[in-house]
$ cat entry32.tsv   # TSV, C-alpha atoms
chain	number	residue	atom	x	y	z
A	1426	ASP	CA	134.01	-20.79	225.69
A	1427	ALA	CA	136.25	-17.86	224.80
A	1428	LYS	CA	137.60	-18.22	221.29
A	1429	THR	CA	141.11	-18.03	219.92
A	1430	THR	CA	142.32	-17.15	216.42
A	1431	GLN	CA	145.51	-18.61	214.99
A	1432	PRO	CA	147.06	-18.59	211.51
A	1433	ASN	CA	146.35	-21.78	209.58
A	1434	SER	CA	150.01	-22.48	208.92
A	1435	MET	CA	153.52	-21.12	209.36
A	1436	GLU	CA	156.92	-22.09	208.09
A	1437	SER	CA	160.29	-21.82	209.77
A	1438	ASN	CA	163.90	-22.70	209.09
A	1439	GLU	CA	165.66	-25.17	211.30
A	1440	GLU	CA	167.60	-23.64	214.22
A	1441	GLU	CA	165.84	-20.29	213.88
A	1442	PRO	CA	163.33	-18.88	216.40
A	1443	VAL	CA	159.62	-19.27	215.72
A	1444	HIS	CA	156.89	-16.95	216.96
A	1445	LEU	CA	153.41	-18.46	216.86
A	1446	PRO	CA	150.69	-15.84	217.42
A	1447	CYS	CA	147.28	-16.26	219.02
A	1448	ASN	CA	144.49	-13.70	219.33
A	1449	HIS	CA	141.92	-13.97	222.10
A	1450	SER	CA	140.17	-10.62	222.23
A	1451	THR	CA	137.24	-11.88	224.37
A	1452	ILE	CA	139.42	-13.42	227.08
A	1453	SER	CA	138.03	-13.19	230.60
A	1454	GLY	CA	139.93	-12.56	233.81
A	1455	THR	CA	139.78	-16.22	234.83
A	1456	ASP	CA	140.94	-17.64	231.48
A	1457	TYR	CA	144.37	-19.26	231.42
A	1458	ILE	CA	146.20	-19.37	228.09
A	1459	HIS	CA	147.39	-22.87	227.25
A	1460	TRP	CA	149.44	-24.21	224.36
A	1461	TYR	CA	149.46	-27.82	223.26
A	1462	ARG	CA	151.05	-29.38	220.22
A	1463	GLN	CA	150.33	-32.52	218.26
A	1464	LEU	CA	153.09	-34.30	216.43
A	1465	PRO	CA	152.08	-36.42	213.43
A	1466	SER	CA	150.14	-39.55	214.41
A	1467	GLN	CA	150.39	-38.80	218.13
A	1468	GLY	CA	148.17	-37.45	220.86
A	1469	PRO	CA	148.51	-33.80	221.87
A	1470	GLU	CA	151.17	-32.86	224.38
A	1471	TYR	CA	151.31	-29.93	226.78
A	1472	VAL	CA	153.72	-27.13	225.93
A	1473	ILE	CA	153.15	-24.23	228.31
A	1474	HIS	CA	150.50	-22.12	230.01
A	1475	GLY	CA	150.16	-18.73	231.68
A	1476	LEU	CA	147.72	-16.20	233.08
A	1477	THR	CA	149.22	-12.71	232.95
A	1478	SER	CA	153.00	-12.88	233.15
A	1479	ASN	CA	155.38	-14.25	230.56
A	1480	VAL	CA	156.40	-17.85	231.20
A	1481	ASN	CA	159.43	-19.93	230.29
A	1482	ASN	CA	160.00	-23.66	230.43
A	1483	ARG	CA	162.35	-26.14	228.82
A	1484	MET	CA	160.22	-26.38	225.68
A	1485	ALA	CA	159.21	-22.81	224.94
A	1486	SER	CA	158.36	-19.30	226.14
A	1487	LEU	CA	154.95	-17.71	226.33
A	1488	ALA	CA	154.67	-13.95	225.87
A	1489	ILE	CA	151.33	-12.48	226.94
A	1490	ALA	CA	150.25	-9.00	225.87
A	1491	GLU	CA	149.60	-6.50	228.64
A	1492	ASP	CA	145.86	-6.38	227.81
A	1493	ARG	CA	145.83	-10.23	227.50
A	1494	LYS	CA	144.04	-10.03	224.16
A	1495	SER	CA	146.88	-11.82	222.40
A	1496	SER	CA	149.81	-14.08	223.15
A	1497	THR	CA	152.81	-15.56	221.35
A	1498	LEU	CA	154.41	-18.96	221.73
A	1499	ILE	CA	158.14	-18.74	221.13
A	1500	LEU	CA	160.27	-21.71	220.15
A	1501	HIS	CA	163.80	-20.45	220.55
A	1502	ARG	CA	165.50	-22.77	218.06
A	1503	ALA	CA	163.18	-24.79	215.87
A	1504	THR	CA	164.15	-28.35	215.07
A	1505	LEU	CA	162.59	-30.78	212.62
A	1506	ARG	CA	161.00	-32.47	215.61
A	1507	ASP	CA	159.03	-29.27	216.31
A	1508	ALA	CA	156.99	-29.71	213.14
A	1509	ALA	CA	153.48	-30.17	214.52
A	1510	VAL	CA	150.06	-28.59	214.91
A	1511	TYR	CA	150.11	-26.00	217.70
A	1512	TYR	CA	146.92	-25.26	219.56
A	1513	CYS	CA	146.28	-22.10	221.59
A	1514	ILE	CA	143.48	-22.78	224.09
A	1515	LEU	CA	141.77	-20.74	226.79
A	1516	ARG	CA	140.75	-22.54	229.96
A	1517	ASP	CA	138.44	-20.89	232.46
A	1518	VAL	CA	139.50	-22.04	235.90
A	1519	MET	CA	136.07	-21.11	237.27
A	1520	GLU	CA	134.17	-23.26	234.79
A	1521	TYR	CA	132.92	-26.67	235.94
A	1522	GLY	CA	135.46	-29.22	234.76
A	1523	ASN	CA	137.36	-26.43	232.93
A	1524	LYS	CA	137.39	-28.38	229.73
A	1525	LEU	CA	140.17	-28.20	227.18
A	1526	VAL	CA	138.47	-27.12	223.92
A	1527	PHE	CA	140.60	-27.41	220.77
A	1528	GLY	CA	140.36	-25.22	217.67
A	1529	ALA	CA	142.02	-25.89	214.32
A	1530	GLY	CA	145.49	-24.80	215.45
A	1531	THR	CA	148.52	-23.68	213.43
A	1532	ILE	CA	150.43	-26.17	211.31
A	1533	LEU	CA	154.13	-25.45	211.78
A	1534	ARG	CA	156.46	-26.67	209.05
A	1535	VAL	CA	160.20	-26.65	209.71
A	1536	LYS	CA	162.61	-26.63	206.78
A	1537	SER	CA	166.13	-28.05	207.01
B	894	ASN	CA	154.34	-44.70	235.30
B	895	ALA	CA	152.78	-45.91	232.06
B	896	GLY	CA	150.78	-42.68	231.82
B	897	VAL	CA	147.57	-42.88	229.78
B	898	THR	CA	147.12	-46.15	227.90
B	899	GLN	CA	144.52	-46.97	225.27
B	900	THR	CA	143.47	-50.24	223.70
B	901	PRO	CA	143.09	-51.26	220.99
B	902	LYS	CA	145.39	-49.19	218.76
B	903	PHE	CA	143.36	-50.00	215.65
B	904	GLN	CA	139.84	-51.35	215.15
B	905	VAL	CA	137.58	-52.01	212.19
B	906	LEU	CA	133.86	-52.39	212.81
B	907	LYS	CA	130.83	-53.00	210.66
B	908	THR	CA	127.87	-50.65	210.85
B	909	GLY	CA	125.67	-51.55	213.79
B	910	GLN	CA	128.31	-53.36	215.81
B	911	SER	CA	129.11	-52.24	219.33
B	912	MET	CA	132.45	-52.05	221.04
B	913	THR	CA	134.29	-50.55	223.98
B	914	LEU	CA	137.44	-48.47	223.74
B	915	GLN	CA	139.55	-48.87	226.83
B	916	CYS	CA	141.42	-46.10	228.62
B	917	ALA	CA	143.46	-46.38	231.80
B	918	GLN	CA	145.80	-44.11	233.72
B	919	ASP	CA	148.12	-44.92	236.62
B	920	MET	CA	148.71	-41.36	237.86
B	921	ASN	CA	145.75	-41.25	240.27
B	922	HIS	CA	144.18	-38.47	238.21
B	923	GLU	CA	140.65	-37.39	239.11
B	924	TYR	CA	139.77	-35.95	235.70
B	925	MET	CA	139.52	-38.04	232.53
B	926	SER	CA	138.06	-37.30	229.13
B	927	TRP	CA	137.50	-38.66	225.64
B	928	TYR	CA	138.04	-36.78	222.37
B	929	ARG	CA	137.61	-37.66	218.75
B	930	GLN	CA	139.66	-36.22	215.91
B	931	ASP	CA	138.48	-36.36	212.33
B	932	PRO	CA	140.98	-35.95	209.46
B	933	GLY	CA	142.43	-32.45	209.25
B	934	MET	CA	140.47	-31.18	212.24
B	935	GLY	CA	141.06	-30.37	215.86
B	936	LEU	CA	139.94	-32.56	218.72
B	937	ARG	CA	136.31	-32.54	219.88
B	938	LEU	CA	135.29	-33.48	223.40
B	939	ILE	CA	132.90	-36.44	223.66
B	940	HIS	CA	132.51	-37.09	227.41
B	941	TYR	CA	134.44	-36.27	230.54
B	942	SER	CA	134.57	-37.31	234.18
B	943	VAL	CA	135.58	-35.22	237.18
B	944	GLY	CA	135.93	-38.28	239.41
B	945	ALA	CA	134.84	-41.87	239.97
B	946	GLY	CA	131.07	-42.17	239.57
B	947	ILE	CA	130.68	-38.77	237.87
B	948	THR	CA	130.47	-38.27	234.11
B	949	ASP	CA	129.23	-35.47	231.88
B	950	GLN	CA	128.70	-34.74	228.21
B	951	GLY	CA	131.05	-32.80	225.99
B	952	GLU	CA	130.46	-31.29	222.54
B	953	VAL	CA	129.66	-34.48	220.60
B	954	PRO	CA	128.23	-37.13	222.99
B	955	ASN	CA	125.60	-38.72	220.74
B	956	GLY	CA	126.22	-42.39	220.01
B	957	TYR	CA	128.66	-42.85	222.90
B	958	ASN	CA	128.32	-43.97	226.51
B	959	VAL	CA	130.81	-43.74	229.35
B	960	SER	CA	131.06	-44.83	232.95
B	961	ARG	CA	133.69	-44.29	235.63
B	962	SER	CA	133.57	-47.01	238.25
B	963	THR	CA	137.22	-46.61	239.27
B	964	THR	CA	139.69	-43.73	239.29
B	965	GLU	CA	141.97	-45.58	236.87
B	966	ASP	CA	139.59	-46.58	234.07
B	967	PHE	CA	137.31	-44.62	231.75
B	968	PRO	CA	135.92	-46.83	228.95
B	969	LEU	CA	134.08	-45.40	225.96
B	970	ARG	CA	131.26	-47.49	224.51
B	971	LEU	CA	129.95	-47.23	220.97
B	972	LEU	CA	126.40	-48.52	221.13
B	973	SER	CA	125.73	-49.07	217.40
B	974	ALA	CA	128.65	-48.02	215.24
B	975	ALA	CA	128.03	-45.75	212.25
B	976	PRO	CA	130.43	-44.69	209.45
B	977	SER	CA	130.29	-41.14	210.87
B	978	GLN	CA	132.11	-42.46	213.93
B	979	THR	CA	135.20	-43.30	211.88
B	980	SER	CA	137.82	-41.25	213.64
B	981	VAL	CA	140.85	-41.28	215.91
B	982	TYR	CA	139.88	-41.38	219.57
B	983	PHE	CA	142.08	-39.91	222.29
B	984	CYS	CA	141.71	-40.38	226.01
B	985	ALA	CA	143.20	-37.80	228.37
B	986	SER	CA	143.62	-37.25	232.08
B	987	ARG	CA	144.77	-34.61	234.52
B	988	ILE	CA	145.21	-34.52	238.24
B	989	SER	CA	142.16	-32.43	239.14
B	990	PRO	CA	139.12	-30.91	237.45
B	991	ALA	CA	139.54	-27.74	239.50
B	992	THR	CA	143.01	-26.72	238.38
B	993	VAL	CA	144.64	-25.74	235.10
B	994	ASP	CA	147.35	-28.36	235.27
B	995	GLU	CA	148.82	-30.18	232.32
B	996	GLN	CA	146.54	-32.69	230.61
B	997	PHE	CA	148.09	-35.98	229.47
B	998	PHE	CA	146.89	-37.72	226.32
B	999	GLY	CA	147.01	-41.34	225.29
B	1000	PRO	CA	148.37	-42.53	221.92
B	1001	GLY	CA	144.93	-42.87	220.36
B	1002	THR	CA	142.69	-45.57	218.88
B	1003	ARG	CA	142.08	-45.46	215.14
B	1004	LEU	CA	138.56	-46.66	214.45
B	1005	THR	CA	137.11	-47.40	211.02
B	1006	VAL	CA	133.42	-48.19	210.63
B	1007	LEU	CA	132.46	-49.79	207.33
$ encode --input "entry32.tsv" --output "structure tokens"
Amino acid sequence: DAKTTQPNSMESNEEEPVHLPCNHSTISGTDYIHWYRQLPSQGPEYVIHGLTSNVNNRMASLAIAEDRKSSTLILHRATLRDAAVYYCILRDVMEYGNKLVFGAGTILRVKS
Amino acid sequence: NAGVTQTPKFQVLKTGQSMTLQCAQDMNHEYMSWYRQDPGMGLRLIHYSVGAGITDQGEVPNGYNVSRSTTEDFPLRLLSAAPSQTSVYFCASRISPATVDEQFFGPGTRLTVL
């Protein structure tokens, strides 16, 4: 499985934008970049995913570098509810079962 | 839709006991999987299934059995519980094993083995 590298933790102020980085220098052409988050005492929830182009949805934006070796999850206005562990995951669509393999993630703390 | 449901929410076992963690989904998803999460760590894949009658091992399958007799249910069996299996267990599902669609997770079962 291609690996990702994320900072252990980040801190943000409420109502300010947050940029969560992810490095994936060994990404292959068939790897999709996925982001999940896990709120305290809950199961993970899907945030966003993309292949090459930047993506937007109601929760966040995903900016993907032109060489695809890094990406950034953008929360446009952080709220206290966004405090969670954020996981950047590569999924190979050509792999049997294309399993979702979690790393340690980034702990995001949001200050009021 | 109820989504992915897991029972029980909490369980305490003694070493050597066996039990089954239940997982069900009502979204007609082909793909289901089980993860465990130890304190302060990310999730690790135990077993997964790409459809009824088909199961496969993940990263940490030892000590666990699964079967998939229906599309809806994917139970996880602990054969002889050990303290090292104390963890939070999450079941997940997605519509197909061949796509990169969103994966849905259940609320988890917190298991303590004494």
$ residues_near_point --input "entry32.tsv" --point "(128.9, -40.5, 211.3)" --cutoff "12 Å" --atoms "all atoms listed in the file" --output "list of chain:residue names"
B:Thr908, B:Gly909, B:Arg929, B:Asp931, B:Val953, B:Asn955, B:Gly956, B:Tyr957, B:Leu971, B:Ser973, B:Ala974, B:Ala975, B:Pro976, B:Ser977, B:Gln978, B:Thr979, B:Ser980, B:Leu1004, B:Thr1005, B:Val1006, B:Leu1007
$ closest_residue --input "entry32.tsv" --among "A:Gln1467, A:Ala1490, A:Glu1520, A:Val1472" --to "Arg1003 of chain B" --atoms "all atoms listed in the file"
A:Gln1467
$ closest_atom_pairs --input "entry32.tsv" --of "chain B" --to "chain A" --cutoff "8 Å" --atoms "only C-alpha atoms" --output "CSV"
residue,atom,partner,partner_atom,distance
B:Met934,CA,A:Ala1529,CA,5.9
B:Gly935,CA,A:Ala1529,CA,4.8
B:Leu936,CA,A:Phe1527,CA,5.6
B:Arg937,CA,A:Phe1527,CA,6.7
B:Leu938,CA,A:Val1526,CA,7.1
B:Val943,CA,A:Gly1522,CA,6.5
B:Phe983,CA,A:Gly1468,CA,6.7
B:Pro990,CA,A:Gly1522,CA,4.8
B:Ala991,CA,A:Gly1522,CA,6.4
B:Thr992,CA,A:Val1518,CA,6.4
B:Val993,CA,A:Val1518,CA,6.4
B:Glu995,CA,A:Tyr1471,CA,6.1
B:Gln996,CA,A:Tyr1471,CA,6.7
B:Phe997,CA,A:Glu1470,CA,6.7
B:Phe998,CA,A:Gly1468,CA,5.6
B:Gly999,CA,A:Gly1468,CA,6.0
B:Pro1000,CA,A:Gly1468,CA,5.2
B:Gly1001,CA,A:Gly1468,CA,6.3
$ write_last_selection --input "entry32.tsv" --atoms "C-alpha atoms" --output "mmCIF file, keeping the file's coordinate frame"
data_model
loop_
_atom_site.group_PDB
_atom_site.id
_atom_site.type_symbol
_atom_site.label_atom_id
_atom_site.label_comp_id
_atom_site.auth_asym_id
_atom_site.auth_seq_id
_atom_site.Cartn_x
_atom_site.Cartn_y
_atom_site.Cartn_z
ATOM 1 C CA MET B 934 140.470 -31.180 212.240
ATOM 2 C CA GLY B 935 141.060 -30.370 215.860
ATOM 3 C CA LEU B 936 139.940 -32.560 218.720
ATOM 4 C CA ARG B 937 136.310 -32.540 219.880
ATOM 5 C CA LEU B 938 135.290 -33.480 223.400
ATOM 6 C CA VAL B 943 135.580 -35.220 237.180
ATOM 7 C CA PHE B 983 142.080 -39.910 222.290
ATOM 8 C CA PRO B 990 139.120 -30.910 237.450
ATOM 9 C CA ALA B 991 139.540 -27.740 239.500
ATOM 10 C CA THR B 992 143.010 -26.720 238.380
ATOM 11 C CA VAL B 993 144.640 -25.740 235.100
ATOM 12 C CA GLU B 995 148.820 -30.180 232.320
ATOM 13 C CA GLN B 996 146.540 -32.690 230.610
ATOM 14 C CA PHE B 997 148.090 -35.980 229.470
ATOM 15 C CA PHE B 998 146.890 -37.720 226.320
ATOM 16 C CA GLY B 999 147.010 -41.340 225.290
ATOM 17 C CA PRO B 1000 148.370 -42.530 221.920
ATOM 18 C CA GLY B 1001 144.930 -42.870 220.360
#
$ atom_distance --input "entry32.tsv" --atom1 "atom CA of Ser942 of chain B" --atom2 "atom CA of Leu906 of chain B"
26.2 Å
$ closest_residue --input "entry32.tsv" --among "B:Cys984, B:Pro901, B:Gln910, B:Thr1002" --to "Asp966 of chain B" --atoms "all atoms listed in the file"
B:Cys984
$ atom_distance --input "entry32.tsv" --atom1 "atom CA of Val981 of chain B" --atom2 "atom CA of Arg1534 of chain A"
22.5 Å
$ residues_near_point --input "entry32.tsv" --point "(144.2, -12.7, 225.3)" --cutoff "8 Å" --atoms "all atoms listed in the file" --output "PyMOL selection string"
chain A and resi 1447-1452+1458+1489-1490+1492-1496
$ write_last_selection --input "entry32.tsv" --atoms "C-alpha atoms" --output "PDB file, in the frame of the given file"
ATOM      1  CA  CYS A1447     147.280 -16.260 219.020  1.00  0.00           C
ATOM      2  CA  ASN A1448     144.490 -13.700 219.330  1.00  0.00           C
ATOM      3  CA  HIS A1449     141.920 -13.970 222.100  1.00  0.00           C
ATOM      4  CA  SER A1450     140.170 -10.620 222.230  1.00  0.00           C
ATOM      5  CA  THR A1451     137.240 -11.880 224.370  1.00  0.00           C
ATOM      6  CA  ILE A1452     139.420 -13.420 227.080  1.00  0.00           C
ATOM      7  CA  ILE A1458     146.200 -19.370 228.090  1.00  0.00           C
ATOM      8  CA  ILE A1489     151.330 -12.480 226.940  1.00  0.00           C
ATOM      9  CA  ALA A1490     150.250  -9.000 225.870  1.00  0.00           C
ATOM     10  CA  ASP A1492     145.860  -6.380 227.810  1.00  0.00           C
ATOM     11  CA  ARG A1493     145.830 -10.230 227.500  1.00  0.00           C
ATOM     12  CA  LYS A1494     144.040 -10.030 224.160  1.00  0.00           C
ATOM     13  CA  SER A1495     146.880 -11.820 222.400  1.00  0.00           C
ATOM     14  CA  SER A1496     149.810 -14.080 223.150  1.00  0.00           C
TER      15      SER A1496
END
$ closest_residue --input "entry32.tsv" --among "A:Lys1428, A:Ser1486, A:Leu1476, A:Arg1462" --to "Leu1500 of chain A" --atoms "only C-alpha atoms"
A:Ser1486
$ closest_residue --input "entry32.tsv" --among "B:Leu969, B:Ser926, B:Thr948, B:Met920" --to "Ile988 of chain B" --atoms "only C-alpha atoms"
B:Met920
$ atom_distance --input "entry32.tsv" --atom1 "atom CA of Ser989 of chain B" --atom2 "atom CA of Ala917 of chain B"
15.8 Å
$ closest_residue --input "entry32.tsv" --among "B:Met925, B:Gly933, B:Cys916, B:Ala895" --to "Asn1433 of chain A" --atoms "all atoms listed in the file"
B:Gly933
$ closest_residue --input "entry32.tsv" --among "A:Thr1531, A:Ser1453, A:Asn1438, A:Gln1431" --to "Leu1505 of chain A" --atoms "all atoms listed in the file"
A:Asn1438
$ axis_aligned_box --input "entry32.tsv" --around "segment 1475-1493 of chain A" --padding-each-side "6 Å" --output "AutoDock Vina command-line options"
--center_x 154.1 --center_y -16.4 --center_z 229.0 --size_x 28.5 --size_y 32.0 --size_z 20.2
$ decode --input "entry32.tsv" --residues "segment 952-972 of chain B" --atoms "N, CA and C atoms" --output "compact mmCIF listing (two decimals), in the first residue's frame"
# COMPACT_ATOMS: atom_id res chain seq x y z
N GLU B 952 -5.09 -7.01 7.79
CA GLU B 952 -3.76 -6.91 8.42
C GLU B 952 -3.62 -7.77 9.66
N VAL B 953 -4.67 -7.87 10.48
CA VAL B 953 -4.58 -8.50 11.79
C VAL B 953 -5.69 -9.55 11.99
N PRO B 954 -5.70 -10.64 11.21
CA PRO B 954 -6.82 -11.59 11.27
C PRO B 954 -6.74 -12.63 12.38
N ASN B 955 -5.56 -12.80 12.99
CA ASN B 955 -5.39 -13.91 13.93
C ASN B 955 -6.29 -13.76 15.15
N GLY B 956 -7.00 -14.85 15.49
CA GLY B 956 -7.88 -14.85 16.64
C GLY B 956 -9.32 -14.50 16.31
N TYR B 957 -9.59 -14.22 15.04
CA TYR B 957 -10.92 -13.81 14.60
C TYR B 957 -11.38 -14.65 13.41
N ASN B 958 -12.69 -14.95 13.39
CA ASN B 958 -13.30 -15.61 12.25
C ASN B 958 -14.46 -14.78 11.74
N VAL B 959 -14.71 -14.86 10.44
CA VAL B 959 -15.87 -14.19 9.86
C VAL B 959 -16.54 -15.13 8.88
N SER B 960 -17.79 -14.81 8.59
CA SER B 960 -18.52 -15.48 7.52
C SER B 960 -19.50 -14.47 6.95
N ARG B 961 -19.94 -14.70 5.74
CA ARG B 961 -20.88 -13.75 5.10
C ARG B 961 -21.92 -14.59 4.34
N SER B 962 -22.95 -14.99 5.08
CA SER B 962 -23.98 -15.83 4.47
C SER B 962 -25.05 -14.99 3.79
N THR B 963 -25.20 -13.74 4.18
CA THR B 963 -26.16 -12.84 3.53
C THR B 963 -25.46 -11.53 3.18
N THR B 964 -26.06 -10.75 2.31
CA THR B 964 -25.50 -9.45 1.97
C THR B 964 -25.53 -8.52 3.18
N GLU B 965 -26.57 -8.65 4.02
CA GLU B 965 -26.79 -7.69 5.09
C GLU B 965 -25.88 -7.87 6.30
N ASP B 966 -25.49 -9.10 6.60
CA ASP B 966 -24.83 -9.38 7.88
C ASP B 966 -23.38 -9.83 7.72
N PHE B 967 -22.54 -9.38 8.65
CA PHE B 967 -21.12 -9.76 8.60
C PHE B 967 -20.63 -9.89 10.05
N PRO B 968 -20.92 -11.01 10.71
CA PRO B 968 -20.52 -11.17 12.12
C PRO B 968 -19.03 -11.47 12.27
N LEU B 969 -18.48 -11.00 13.37
CA LEU B 969 -17.08 -11.24 13.71
C LEU B 969 -17.03 -12.10 14.96
N ARG B 970 -16.36 -13.25 14.86
CA ARG B 970 -16.30 -14.17 15.98
C ARG B 970 -14.91 -14.16 16.61
N LEU B 971 -14.91 -14.01 17.94
CA LEU B 971 -13.67 -14.18 18.71
C LEU B 971 -13.69 -15.60 19.25
N LEU B 972 -12.72 -16.39 18.89
CA LEU B 972 -12.74 -17.81 19.19
C LEU B 972 -12.39 -18.08 20.66
